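S.K.: Following this message is one structure expressed as structure tokens.
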Amino acid sequence: MYVRIANADDAKYTELLCEWYEESARMRKTGIAKRNPVYLERKMRNGNAVIAFDNDDQIAGFSYIETYEEEKFVVNSGLIVRTDLRSSGIGREIKQAVFELSRTKFPKSKIFSITTSLAVMRMNTKLGYKPVTFSELTQSDEFWNGCKSCKNYHILMDNDRERCICTGLVYDNLDDKYAQRAKENESKKESE
């Protein structure tokens with residue numbers, strides 16, 4: 001199995017990925033926001049997604065990133081793994097890759113995630129995320145509007161977007177190796 005940054009050629013997988021999201025929501029009986037194939041394709045074309053393949057070069061999983069509040073926040077979202085590969089470790093590899101993509105492209109941004117999945121919470125915790133209240137996440141209407149297709153959206157709105165059944169997690173170590181590398185690159189550009 002391998003994970004790489006998605007590109008325009010991977011757009012052929014968007015319909016299948018959207019089916020996986022819907023099936024996962026049904027299986028887990030939790031709220032998972034629906035995804036749009038055009039939206040996923042845009043993520044792939046912009047290099048803001050990672051995709052995984054099994055040893056037979058069949059799609060195995062996916063995740064993407066989005067920025068909010070002028071890149072103050074970047075969300076790692078849409079982690080999905082093909083059902084027969086869950087518990088194989090590929091989810092951790094995808095999570096690591098999307099985290100590194102976030103830190104490399106947006107080293108000055110806080111990374112956040114909201115999830116109902118214990119497995120995702122554990123992966124995020126190992127990467128250095130900490131659980132937070134929703135007030136510490138982006139306040140962008142654009143982000144929260146993405147929750148409208150979740151069956152639990154009414155809970156979020158009944159609580160003035162302060163809590164839901166999801167757990168919010170944030171990585172805000174903005175002085176890690178990725179930030180140091182970005183500072184070094186800025187210094188090199190200034191001296192040229």
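Every chain in the structure tokens takes a letter, A first, then B, and so on in the order presented; its residues are numbered from 1, and the ligands are numbered from 1 following the presented order.
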Give me, as a ChimeraX atom specification, all polymer residues having an atom no more than 10 Å from Leu156 in chain A, counting only C-alpha atoms and skipping those fewer than 6 positions away in the same chain.
M.R.: /A:144,147-148,150,162-166
S.K.: Enumerate, as number ranges by chain, the complete set of residues in range 11-175 of chain A that a backbone-based DSSP assignment places in alpha helix (DSSP H).
M.R.: A: 14-28, 37-45, 90-105, 118-127, 141-145, 153-158
S.K.: One decimal, in Å: what's the spacing between CA of Ala49 in chain A and CA of Asn124 in chain A?
M.R.: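 Answer for the CA of Ala49 in chain A to CA of Asn124 in chain A separation: 17.1 Å.
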S.K.: Out of chain A, which residues get strand (DSSP E) from DSSP, as number ranges by chain?
M.R.: A: 2-5, 49-53, 59-68, 73-81, 110-115, 130-132, 167-171
S.K.: Taking only residues of range 24-131 of chain A that have an atom at most 8 Å from an atom of range 169-183 of chain A, what is each one's shortest atom pair and its distance in Å to one decimal, using only C-alpha atoms, in chain and number order, as JSON lines?
M.R.:
{"residue": "A:Arg103", "atom": "CA", "partner": "A:Tyr178", "partner_atom": "CA", "distance": 5.9}
{"residue": "A:Thr104", "atom": "CA", "partner": "A:Tyr178", "partner_atom": "CA", "distance": 6.0}
{"residue": "A:Pro107", "atom": "CA", "partner": "A:Ala179", "partner_atom": "CA", "distance": 5.0}
{"residue": "A:Lys108", "atom": "CA", "partner": "A:Leu174", "partner_atom": "CA", "distance": 6.1}
{"residue": "A:Ser109", "atom": "CA", "partner": "A:Leu174", "partner_atom": "CA", "distance": 7.3}
{"residue": "A:Lys110", "atom": "CA", "partner": "A:Asp172", "partner_atom": "CA", "distance": 4.8}
{"residue": "A:Ile111", "atom": "CA", "partner": "A:Tyr171", "partner_atom": "CA", "distance": 5.0}
{"residue": "A:Phe112", "atom": "CA", "partner": "A:Val170", "partner_atom": "CA", "distance": 4.3}
{"residue": "A:Ser113", "atom": "CA", "partner": "A:Leu169", "partner_atom": "CA", "distance": 5.3}
{"residue": "A:Ile114", "atom": "CA", "partner": "A:Leu169", "partner_atom": "CA", "distance": 6.3}
{"residue": "A:Met121", "atom": "CA", "partner": "A:Leu169", "partner_atom": "CA", "distance": 7.8}
{"residue": "A:Asn124", "atom": "CA", "partner": "A:Leu169", "partner_atom": "CA", "distance": 7.5}
{"residue": "A:Gly128", "atom": "CA", "partner": "A:Tyr171", "partner_atom": "CA", "distance": 6.0}
{"residue": "A:Tyr129", "atom": "CA", "partner": "A:Tyr171", "partner_atom": "CA", "distance": 4.2}
{"residue": "A:Lys130", "atom": "CA", "partner": "A:Leu169", "partner_atom": "CA", "distance": 5.2}
{"residue": "A:Pro131", "atom": "CA", "partner": "A:Leu169", "partner_atom": "CA", "distance": 4.3}
S.K.: Go ahead and save the residues from that selection, with C-alpha atoms, as a PDB file, in the first residue's frame.
M.R.:
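Below is the file out24.pdb, written as the result:
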ATOM      1  CA  ARG A 103       2.101  21.593   7.916  1.00  0.00           C
ATOM      2  CA  THR A 104       4.183  21.879   4.742  1.00  0.00           C
ATOM      3  CA  PRO A 107       3.111  26.087   8.435  1.00  0.00           C
ATOM      4  CA  LYS A 108       1.590  29.147  10.138  1.00  0.00           C
ATOM      5  CA  SER A 109      -1.886  27.615  10.429  1.00  0.00           C
ATOM      6  CA  LYS A 110      -3.510  25.774  13.294  1.00  0.00           C
ATOM      7  CA  ILE A 111      -4.749  22.370  12.138  1.00  0.00           C
ATOM      8  CA  PHE A 112      -8.109  21.190  13.326  1.00  0.00           C
ATOM      9  CA  SER A 113     -10.445  18.282  12.940  1.00  0.00           C
ATOM     10  CA  ILE A 114     -13.914  17.394  14.144  1.00  0.00           C
ATOM     11  CA  MET A 121      -9.292  10.872  17.799  1.00  0.00           C
ATOM     12  CA  ASN A 124      -4.908  12.902  15.983  1.00  0.00           C
ATOM     13  CA  GLY A 128      -0.090  16.145  18.837  1.00  0.00           C
ATOM     14  CA  TYR A 129      -3.665  17.387  18.533  1.00  0.00           C
ATOM     15  CA  LYS A 130      -5.511  18.311  21.706  1.00  0.00           C
ATOM     16  CA  PRO A 131      -9.269  18.166  22.312  1.00  0.00           C
TER      17      PRO A 131
END
S.K.: So, counting only C-alpha atoms, which residue among A:Ser140, A:Ser135, A:Asn48, A:Thr167 is closest to Arg122 in chain A?
M.R.: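 For Arg122 in chain A, the nearest of the candidates is A:Thr167.
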S.K.: Tell me, in Å to one decimal, how far CA of Asn7 in chain A is from CA of Tyr64 in chain A.
M.R.: 11.6 Å
S.K.: Report as a list in words all protein, DNA and RNA residues lying within 9 Å of range 68-70 of chain A, evaluated on only C-alpha atoms, omitting residues in the same chain fewer than 5 positions from it.
M.R.: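 Non-adjacent residues within range: Val75, Thr138, Gln139, Ser140, Glu142 and Phe143 of chain A.
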S.K.: Skipping near chain neighbours, those fewer than 5 positions away, what residues fall within 12 Å of Gly47 in chain A using only C-alpha atoms, listed as a tab-separated table (two decimals) with N, CA and C atoms, in the first residue's frame?
M.R.:
chain	number	residue	atom	x	y	z
A	4	ARG	N	0.00	9.03	-1.49
A	4	ARG	CA	0.66	10.13	-2.19
A	4	ARG	C	-0.30	11.32	-2.26
A	5	ILE	N	0.22	12.47	-2.67
A	5	ILE	CA	-0.62	13.63	-2.88
A	5	ILE	C	-1.47	13.37	-4.12
A	6	ALA	N	-2.75	13.63	-4.01
A	6	ALA	CA	-3.67	13.42	-5.13
A	6	ALA	C	-3.45	14.48	-6.20
A	7	ASN	N	-3.84	14.15	-7.43
A	7	ASN	CA	-3.71	15.10	-8.54
A	7	ASN	C	-4.93	14.99	-9.45
A	8	ALA	N	-4.93	15.75	-10.53
A	8	ALA	CA	-6.08	15.82	-11.43
A	8	ALA	C	-6.44	14.45	-12.01
A	9	ASP	N	-5.47	13.58	-12.22
A	9	ASP	CA	-5.75	12.25	-12.76
A	9	ASP	C	-6.60	11.40	-11.83
A	10	ASP	N	-6.63	11.77	-10.56
A	10	ASP	CA	-7.38	10.99	-9.57
A	10	ASP	C	-8.86	11.37	-9.51
A	11	ALA	N	-9.27	12.37	-10.32
A	11	ALA	CA	-10.67	12.80	-10.32
A	11	ALA	C	-11.62	11.66	-10.65
A	40	LEU	N	-14.40	17.43	-4.27
A	40	LEU	CA	-13.25	16.53	-4.10
A	40	LEU	C	-12.29	16.67	-5.28
A	41	GLU	N	-12.82	16.81	-6.47
A	41	GLU	CA	-11.96	16.98	-7.64
A	41	GLU	C	-11.11	18.24	-7.53
A	42	ARG	N	-11.72	19.32	-7.05
A	42	ARG	CA	-10.98	20.57	-6.86
A	42	ARG	C	-9.83	20.37	-5.87
A	63	SER	N	-8.11	11.61	1.97
A	63	SER	CA	-8.37	12.70	2.92
A	63	SER	C	-7.95	14.00	2.23
A	64	TYR	N	-8.46	15.13	2.73
A	64	TYR	CA	-8.15	16.41	2.11
A	64	TYR	C	-8.03	17.51	3.15
A	65	ILE	N	-7.58	18.68	2.68
A	65	ILE	CA	-7.43	19.84	3.55
A	65	ILE	C	-8.17	21.04	2.97
A	66	GLU	N	-8.52	21.97	3.86
A	66	GLU	CA	-9.19	23.22	3.47
A	66	GLU	C	-8.74	24.28	4.47
A	98	VAL	N	-1.68	13.55	5.36
A	98	VAL	CA	-2.48	14.77	5.27
A	98	VAL	C	-2.03	15.79	6.31
A	101	LEU	N	1.09	17.29	4.78
A	101	LEU	CA	0.69	18.19	3.71
A	101	LEU	C	0.23	19.53	4.30
A	102	SER	N	-0.56	19.46	5.36
A	102	SER	CA	-1.05	20.67	6.02
A	102	SER	C	0.09	21.50	6.57
A	104	THR	N	3.26	21.42	5.78
A	104	THR	CA	4.18	21.88	4.74
A	104	THR	C	3.60	23.05	3.96
A	105	LYS	N	2.33	22.94	3.55
A	105	LYS	CA	1.71	24.00	2.76
A	105	LYS	C	1.31	25.21	3.60
S.K.: Could you tell me how far CA of Val81 in chain A lies from CA of Thr67 in chain A, in Å and to one decimal?
M.R.: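 Interatomic distance here is 22.7 Å.
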S.K.: Could you name the residues that touch Ile80 in chain A at 7 Å or less, counting only C-alpha atoms, but leaving out those on the same chain fewer than 5 positions away, as number ranges by chain?
M.R.: A: 21, 61-63
S.K.: Do you know which residues are at most 7 Å from Glu15 in chain A counting only C-alpha atoms, after dropping those on the same chain fewer than 3 positions away, and could you put them as a PyMOL selection string?
M.R.: chain A and resi 18-19+37
S.K.: For those residues, write N, CA and C atoms to a file as a PDB file, in the first residue's frame.
M.R.:
ATOM      1  N   CYS A  18     -17.402   9.495  -2.819  1.00  0.00           N
ATOM      2  CA  CYS A  18     -18.664  10.007  -2.274  1.00  0.00           C
ATOM      3  C   CYS A  18     -19.584   8.873  -1.844  1.00  0.00           C
ATOM      4  N   GLU A  19     -19.585   7.778  -2.598  1.00  0.00           N
ATOM      5  CA  GLU A  19     -20.354   6.590  -2.196  1.00  0.00           C
ATOM      6  C   GLU A  19     -19.808   6.024  -0.883  1.00  0.00           C
ATOM      7  N   PRO A  37     -18.671  15.405  -5.504  1.00  0.00           N
ATOM      8  CA  PRO A  37     -17.555  15.003  -6.371  1.00  0.00           C
ATOM      9  C   PRO A  37     -16.776  16.186  -6.944  1.00  0.00           C
TER      10      PRO A  37
END
